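**Q** I'm passing along model04.pdb; it holds PDB, C-alpha atoms, pLDDT in the B column.
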ATOM      1  CA  MET C 209      27.101  -3.180  10.199  1.00 44.00           C
ATOM      2  CA  ARG C 210      26.972   0.173   8.445  1.00 44.00           C
ATOM      3  CA  LYS C 211      24.053  -1.027   6.256  1.00 45.00           C
ATOM      4  CA  ILE C 212      22.077  -1.996   9.342  1.00 39.00           C
ATOM      5  CA  PHE C 213      22.733   1.438  10.828  1.00 33.00           C
ATOM      6  CA  LEU C 214      21.645   3.171   7.617  1.00 34.00           C
ATOM      7  CA  ILE C 215      18.424   1.178   7.578  1.00 42.00           C
ATOM      8  CA  LEU C 216      17.578   1.512  11.259  1.00 36.00           C
ATOM      9  CA  TYR C 217      18.604   5.147  11.735  1.00 37.00           C
ATOM     10  CA  PRO C 218      15.674   6.663   9.725  1.00 43.00           C
ATOM     11  CA  LEU C 219      13.251   4.353  11.508  1.00 43.00           C
ATOM     12  CA  THR C 220      14.634   5.436  14.853  1.00 42.00           C
ATOM     13  CA  LEU C 221      14.297   9.096  13.922  1.00 40.00           C
ATOM     14  CA  SER C 222      10.702   8.581  12.840  1.00 45.00           C
ATOM     15  CA  ALA C 223       9.879   6.782  16.055  1.00 46.00           C
ATOM     16  CA  CYS C 224      11.603   9.415  18.166  1.00 44.00           C
ATOM     17  CA  SER C 225       9.675  12.192  16.473  1.00 43.00           C
ATOM     18  CA  LEU C 226       6.442  10.443  17.360  1.00 42.00           C
ATOM     19  CA  TRP C 227       7.364  10.010  21.013  1.00 40.00           C
ATOM     20  CA  SER C 228       8.863  13.420  21.484  1.00 39.00           C
ATOM     21  CA  THR C 229       5.886  15.523  20.433  1.00 41.00           C
ATOM     22  CA  SER C 230       3.060  14.020  22.441  1.00 41.00           C
ATOM     23  CA  SER C 231       1.434  10.733  23.277  1.00 46.00           C
ATOM     24  CA  GLU C 232      -1.370  11.309  20.762  1.00 72.00           C
ATOM     25  CA  PRO C 233       0.435  10.006  17.632  1.00 73.00           C
ATOM     26  CA  ILE C 234       1.528   6.874  19.462  1.00 81.00           C
ATOM     27  CA  ASP C 235      -2.041   6.422  20.655  1.00 87.00           C
ATOM     28  CA  GLN C 236      -3.250   6.730  17.051  1.00 86.00           C
ATOM     29  CA  LEU C 237      -0.697   4.161  15.946  1.00 90.00           C
ATOM     30  CA  GLU C 238      -1.572   1.688  18.694  1.00 93.00           C
ATOM     31  CA  GLN C 239      -5.314   2.141  18.251  1.00 94.00           C
ATOM     32  CA  GLY C 240      -4.972   1.862  14.492  1.00 94.00           C
ATOM     33  CA  GLU C 241      -2.973  -1.354  14.790  1.00 95.00           C
ATOM     34  CA  ARG C 242      -5.462  -2.829  17.241  1.00 96.00           C
ATOM     35  CA  ALA C 243      -8.445  -1.966  15.032  1.00 95.00           C
ATOM     36  CA  TYR C 244      -6.630  -3.305  11.962  1.00 95.00           C
ATOM     37  CA  LEU C 245      -5.877  -6.626  13.654  1.00 95.00           C
ATOM     38  CA  GLU C 246      -9.513  -6.868  14.776  1.00 96.00           C
ATOM     39  CA  GLY C 247     -10.673  -6.313  11.195  1.00 95.00           C
ATOM     40  CA  LYS C 248     -12.234  -2.929  11.983  1.00 96.00           C
ATOM     41  CA  LEU C 249     -10.907  -1.309   8.833  1.00 97.00           C
ATOM     42  CA  ASP C 250     -12.934   1.913   8.981  1.00 97.00           C
ATOM     43  CA  GLN C 251     -11.783   2.554  12.516  1.00 96.00           C
ATOM     44  CA  ALA C 252      -8.177   1.648  11.684  1.00 96.00           C
ATOM     45  CA  ALA C 253      -8.211   3.922   8.638  1.00 97.00           C
ATOM     46  CA  GLY C 254      -9.435   6.779  10.803  1.00 96.00           C
ATOM     47  CA  HIS C 255      -6.570   6.356  13.253  1.00 95.00           C
ATOM     48  CA  PHE C 256      -3.928   6.049  10.531  1.00 95.00           C
ATOM     49  CA  THR C 257      -5.365   9.071   8.726  1.00 96.00           C
ATOM     50  CA  GLU C 258      -5.119  11.128  11.911  1.00 94.00           C
ATOM     51  CA  LEU C 259      -1.565   9.874  12.338  1.00 94.00           C
ATOM     52  CA  ILE C 260      -0.405  10.983   8.881  1.00 95.00           C
ATOM     53  CA  GLU C 261      -2.261  14.289   9.168  1.00 94.00           C
ATOM     54  CA  ALA C 262      -0.304  15.040  12.335  1.00 92.00           C
ATOM     55  CA  HIS C 263       2.937  13.510  10.995  1.00 93.00           C
ATOM     56  CA  PRO C 264       2.924  13.423   7.175  1.00 94.00           C
ATOM     57  CA  GLU C 265       6.495  12.153   7.163  1.00 93.00           C
ATOM     58  CA  TYR C 266       5.535   8.957   8.982  1.00 92.00           C
ATOM     59  CA  SER C 267       5.603   6.390   6.192  1.00 96.00           C
ATOM     60  CA  TYR C 268       4.114   3.500   8.171  1.00 96.00           C
ATOM     61  CA  GLY C 269       0.753   5.264   8.362  1.00 96.00           C
ATOM     62  CA  TYR C 270       0.614   5.445   4.560  1.00 98.00           C
ATOM     63  CA  PHE C 271       1.653   1.801   4.376  1.00 98.00           C
ATOM     64  CA  LYS C 272      -1.216   0.724   6.625  1.00 98.00           C
ATOM     65  CA  LEU C 273      -3.714   2.883   4.712  1.00 98.00           C
ATOM     66  CA  GLY C 274      -2.444   1.222   1.535  1.00 98.00           C
ATOM     67  CA  ASN C 275      -2.999  -2.208   3.053  1.00 98.00           C
ATOM     68  CA  ILE C 276      -6.524  -1.253   4.079  1.00 98.00           C
ATOM     69  CA  SER C 277      -7.200   0.017   0.558  1.00 98.00           C
ATOM     70  CA  LEU C 278      -5.906  -3.258  -0.902  1.00 97.00           C
ATOM     71  CA  GLN C 279      -8.246  -5.230   1.340  1.00 96.00           C
ATOM     72  CA  ARG C 280     -11.129  -3.096   0.105  1.00 97.00           C
ATOM     73  CA  GLY C 281     -10.165  -3.611  -3.537  1.00 95.00           C
ATOM     74  CA  LEU C 282      -9.235   0.057  -3.974  1.00 97.00           C
ATOM     75  CA  ASN C 283      -6.051  -0.688  -5.876  1.00 96.00           C
ATOM     76  CA  THR C 284      -5.459   2.783  -7.321  1.00 96.00           C
ATOM     77  CA  GLN C 285      -5.834   4.365  -3.904  1.00 98.00           C
ATOM     78  CA  ALA C 286      -3.596   1.683  -2.377  1.00 98.00           C
ATOM     79  CA  ALA C 287      -0.880   2.365  -4.952  1.00 98.00           C
ATOM     80  CA  ALA C 288      -1.007   6.086  -4.126  1.00 98.00           C
ATOM     81  CA  TYR C 289      -0.556   5.377  -0.414  1.00 98.00           C
ATOM     82  CA  PHE C 290       2.337   3.006  -1.090  1.00 98.00           C
ATOM     83  CA  ARG C 291       4.003   5.610  -3.316  1.00 98.00           C
ATOM     84  CA  GLN C 292       3.767   8.146  -0.497  1.00 98.00           C
ATOM     85  CA  ALA C 293       5.261   5.642   1.947  1.00 98.00           C
ATOM     86  CA  ILE C 294       8.100   5.013  -0.518  1.00 98.00           C
ATOM     87  CA  GLN C 295       8.650   8.717  -1.005  1.00 97.00           C
ATOM     88  CA  ASN C 296       9.081   9.119   2.756  1.00 96.00           C
ATOM     89  CA  HIS C 297      11.066   5.927   3.324  1.00 96.00           C
ATOM     90  CA  PRO C 298      12.295   4.193   0.137  1.00 97.00           C
ATOM     91  CA  GLU C 299      14.444   1.718   2.064  1.00 97.00           C
ATOM     92  CA  ASP C 300      11.532  -0.438   3.242  1.00 97.00           C
ATOM     93  CA  PRO C 301      10.993  -3.345   0.807  1.00 97.00           C
ATOM     94  CA  ARG C 302       7.464  -3.966   2.141  1.00 97.00           C
ATOM     95  CA  TYR C 303       6.332  -0.672   0.656  1.00 98.00           C
ATOM     96  CA  TRP C 304       7.724  -1.582  -2.772  1.00 98.00           C
ATOM     97  CA  ASN C 305       6.300  -5.108  -2.566  1.00 97.00           C
ATOM     98  CA  ASN C 306       2.802  -3.865  -1.826  1.00 98.00           C
ATOM     99  CA  LEU C 307       3.013  -1.191  -4.525  1.00 98.00           C
ATOM    100  CA  VAL C 308       3.736  -3.934  -7.059  1.00 95.00           C
ATOM    101  CA  ILE C 309       0.816  -5.998  -5.733  1.00 95.00           C
ATOM    102  CA  ALA C 310      -1.544  -3.012  -6.086  1.00 97.00           C
ATOM    103  CA  GLU C 311      -0.337  -2.289  -9.610  1.00 95.00           C
ATOM    104  CA  LEU C 312      -0.625  -5.944 -10.665  1.00 91.00           C
ATOM    105  CA  ARG C 313      -4.202  -5.939  -9.439  1.00 93.00           C
ATOM    106  CA  GLN C 314      -4.825  -2.756 -11.428  1.00 93.00           C
ATOM    107  CA  ALA C 315      -3.375  -4.460 -14.520  1.00 89.00           C
ATOM    108  CA  LYS C 316      -5.629  -7.479 -14.031  1.00 89.00           C
ATOM    109  CA  THR C 317      -8.671  -5.225 -13.749  1.00 90.00           C
ATOM    110  CA  SER C 318      -7.670  -3.282 -16.878  1.00 89.00           C
ATOM    111  CA  LEU C 319      -7.123  -6.484 -18.834  1.00 88.00           C
ATOM    112  CA  LYS C 320     -10.510  -7.831 -17.752  1.00 88.00           C
ATOM    113  CA  GLN C 321     -12.179  -4.600 -18.870  1.00 90.00           C
ATOM    114  CA  ALA C 322     -10.363  -4.696 -22.212  1.00 88.00           C
ATOM    115  CA  LYS C 323     -11.429  -8.293 -22.811  1.00 86.00           C
ATOM    116  CA  GLN C 324     -15.026  -7.362 -22.021  1.00 89.00           C
ATOM    117  CA  ALA C 325     -14.857  -4.411 -24.406  1.00 89.00           C
ATOM    118  CA  PHE C 326     -13.787  -6.690 -27.269  1.00 86.00           C
ATOM    119  CA  ALA C 327     -15.770  -9.793 -26.299  1.00 86.00           C
ATOM    120  CA  ASN C 328     -17.745  -9.670 -29.560  1.00 89.00           C
ATOM    121  CA  GLN C 329     -14.604  -9.247 -31.677  1.00 86.00           C
ATOM    122  CA  PRO C 330     -12.527 -12.424 -31.220  1.00 83.00           C
ATOM    123  CA  GLU C 331      -9.932 -11.346 -33.796  1.00 84.00           C
ATOM    124  CA  LYS C 332      -9.075  -8.340 -31.603  1.00 83.00           C
ATOM    125  CA  LEU C 333      -9.017 -10.400 -28.419  1.00 80.00           C
ATOM    126  CA  LYS C 334      -5.848 -12.082 -29.712  1.00 80.00           C
ATOM    127  CA  THR C 335      -4.051  -8.848 -28.897  1.00 81.00           C
ATOM    128  CA  PHE C 336      -4.475  -9.579 -25.209  1.00 80.00           C
ATOM    129  CA  HIS C 337      -3.228 -13.200 -25.171  1.00 76.00           C
ATOM    130  CA  ARG C 338       0.346 -12.250 -24.289  1.00 75.00           C
ATOM    131  CA  LEU C 339      -0.773  -9.921 -21.541  1.00 76.00           C
ATOM    132  CA  ASN C 340      -3.172 -12.516 -20.245  1.00 74.00           C
ATOM    133  CA  ALA C 341      -0.382 -15.098 -20.077  1.00 75.00           C
ATOM    134  CA  LEU C 342       1.964 -12.649 -18.371  1.00 73.00           C
ATOM    135  CA  ILE C 343      -0.562 -11.581 -15.769  1.00 71.00           C
ATOM    136  CA  ASP C 344      -1.735 -15.159 -15.180  1.00 70.00           C
ATOM    137  CA  THR C 345       1.808 -16.147 -14.223  1.00 69.00           C
ATOM    138  CA  GLN C 346       1.685 -13.698 -11.336  1.00 62.00           C
ATOM    139  CA  ARG C 347       0.539 -15.179  -8.081  1.00 55.00           C
ATOM    140  CA  GLN C 348      -2.564 -13.544  -6.574  1.00 52.00           C
ATOM    141  CA  PRO C 349      -1.696 -12.388  -3.011  1.00 48.00           C
TER     142      PRO C 349
END
Just give me the structure as structure tokens.

**A**
Amino acid sequence: MRKIFLILYPLTLSACSLWSTSSEPIDQLEQGERAYLEGKLDQAAGHFTELIEAHPEYSYGYFKLGNISLQRGLNTQAAAYFRQAIQNHPEDPRYWNNLVIAELRQAKTSLKQAKQAFANQPEKLKTFHRLNALIDTQRQP
């Protein structure tokens, strides 16, 4: 029971801080969620950006911006947003999960670039076989 309290208490405080100041942050959250679900990523990103500018401690806004960045293939940017969400609220496993996804995608991109750089030197490509096998075992989300 105490663990549940420790997990829910910070979330409750974050939510209360949003409701207590004005209706604008809640409006940004609701509008951002709606736009996100409708696939309007630019619009959603705008709402979530306004939300975190007004409430930089609100980790969910960073999480959603990270998700939008992942969908756009901006893995480095996504990882930065997820790190900020984790910094504000390290107890949420979704933030850690998506950070790992972003960093795995970055690793895949780096490996692809390395293989292209040494495409004409097969003896050096052997260096990447282990990494290739490791990364290939990871499921693409």

**Q** Counting only C-alpha atoms, figure out which residue out of C:Glu261, C:Gly269, C:Ala325, C:Asn283 gets nearest to C:Glu241.

**A**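 Checking each candidate against C:Glu241, we get C:Gly269 as the closest.
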
**Q** Near stretch 310-317 of chain C, counting only C-alpha atoms, which residues have an atom at most 9 Å away, once you skip same-chain residues fewer than 2 positions from it, shown as a PDB file with C-alpha atoms, in the frame of the given file?

**A**
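Writing done, so here's part_30.pdb:
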ATOM      1  CA  GLY C 274      -2.444   1.222   1.535  1.00 98.00           C
ATOM      2  CA  LEU C 278      -5.906  -3.258  -0.902  1.00 97.00           C
ATOM      3  CA  GLY C 281     -10.165  -3.611  -3.537  1.00 95.00           C
ATOM      4  CA  LEU C 282      -9.235   0.057  -3.974  1.00 97.00           C
ATOM      5  CA  ASN C 283      -6.051  -0.688  -5.876  1.00 96.00           C
ATOM      6  CA  THR C 284      -5.459   2.783  -7.321  1.00 96.00           C
ATOM      7  CA  GLN C 285      -5.834   4.365  -3.904  1.00 98.00           C
ATOM      8  CA  ALA C 286      -3.596   1.683  -2.377  1.00 98.00           C
ATOM      9  CA  ALA C 287      -0.880   2.365  -4.952  1.00 98.00           C
ATOM     10  CA  PHE C 290       2.337   3.006  -1.090  1.00 98.00           C
ATOM     11  CA  ASN C 305       6.300  -5.108  -2.566  1.00 97.00           C
ATOM     12  CA  ASN C 306       2.802  -3.865  -1.826  1.00 98.00           C
ATOM     13  CA  LEU C 307       3.013  -1.191  -4.525  1.00 98.00           C
ATOM     14  CA  VAL C 308       3.736  -3.934  -7.059  1.00 95.00           C
ATOM     15  CA  LEU C 319      -7.123  -6.484 -18.834  1.00 88.00           C
ATOM     16  CA  LYS C 320     -10.510  -7.831 -17.752  1.00 88.00           C
ATOM     17  CA  GLN C 321     -12.179  -4.600 -18.870  1.00 90.00           C
ATOM     18  CA  ALA C 322     -10.363  -4.696 -22.212  1.00 88.00           C
ATOM     19  CA  ASN C 340      -3.172 -12.516 -20.245  1.00 74.00           C
ATOM     20  CA  ILE C 343      -0.562 -11.581 -15.769  1.00 71.00           C
ATOM     21  CA  ASP C 344      -1.735 -15.159 -15.180  1.00 70.00           C
ATOM     22  CA  GLN C 346       1.685 -13.698 -11.336  1.00 62.00           C
ATOM     23  CA  GLN C 348      -2.564 -13.544  -6.574  1.00 52.00           C
TER      24      GLN C 348
END

**Q** Compile the contact shell of C:Leu249 as a list of chain:residue names: residues with an atom at most 10 Å away, counting only C-alpha atoms, same-chain residues fewer than 6 positions apart removed.

**A**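 In the requested form, the answer reads C:Gly240, C:Glu241, C:Ala243, C:His255, C:Leu273, C:Asn275, C:Ile276, C:Ser277, C:Gln279, C:Arg280.
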
**Q** For the structure shown, which residues end up in the PyMOL selection byres ((chain C and resi 259) around 7)? Put them as a ChimeraX atom specification, please?

**A** /C:233,236-237,255-258,260-263,269

**Q** Can you tell me how far atom CA of C:Gln324 sits from atom CA of C:Ile309, in Å to one decimal?

**A**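 Computing it gives 22.8 Å between the two atoms.
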
**Q** From the list C:Tyr303, C:Phe326, C:Gln295, C:Glu246, which residue is nearest C:Phe271 when using all atoms listed in the file?

**A**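 Closest candidate: C:Tyr303.
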
**Q** If I take atom CA of C:Ser267 and atom CA of C:Arg302, how far is one from the other in Å, to one decimal?

**A**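 Atom CA of C:Arg302 lies at a distance of 11.3 Å from atom CA of C:Ser267.
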
**Q** Distance atom CA of C:Gln292-atom CA of C:Tyr270, one decimal place?

**A**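 Calculated distance between atom CA of C:Gln292 and atom CA of C:Tyr270 is 6.5 Å.
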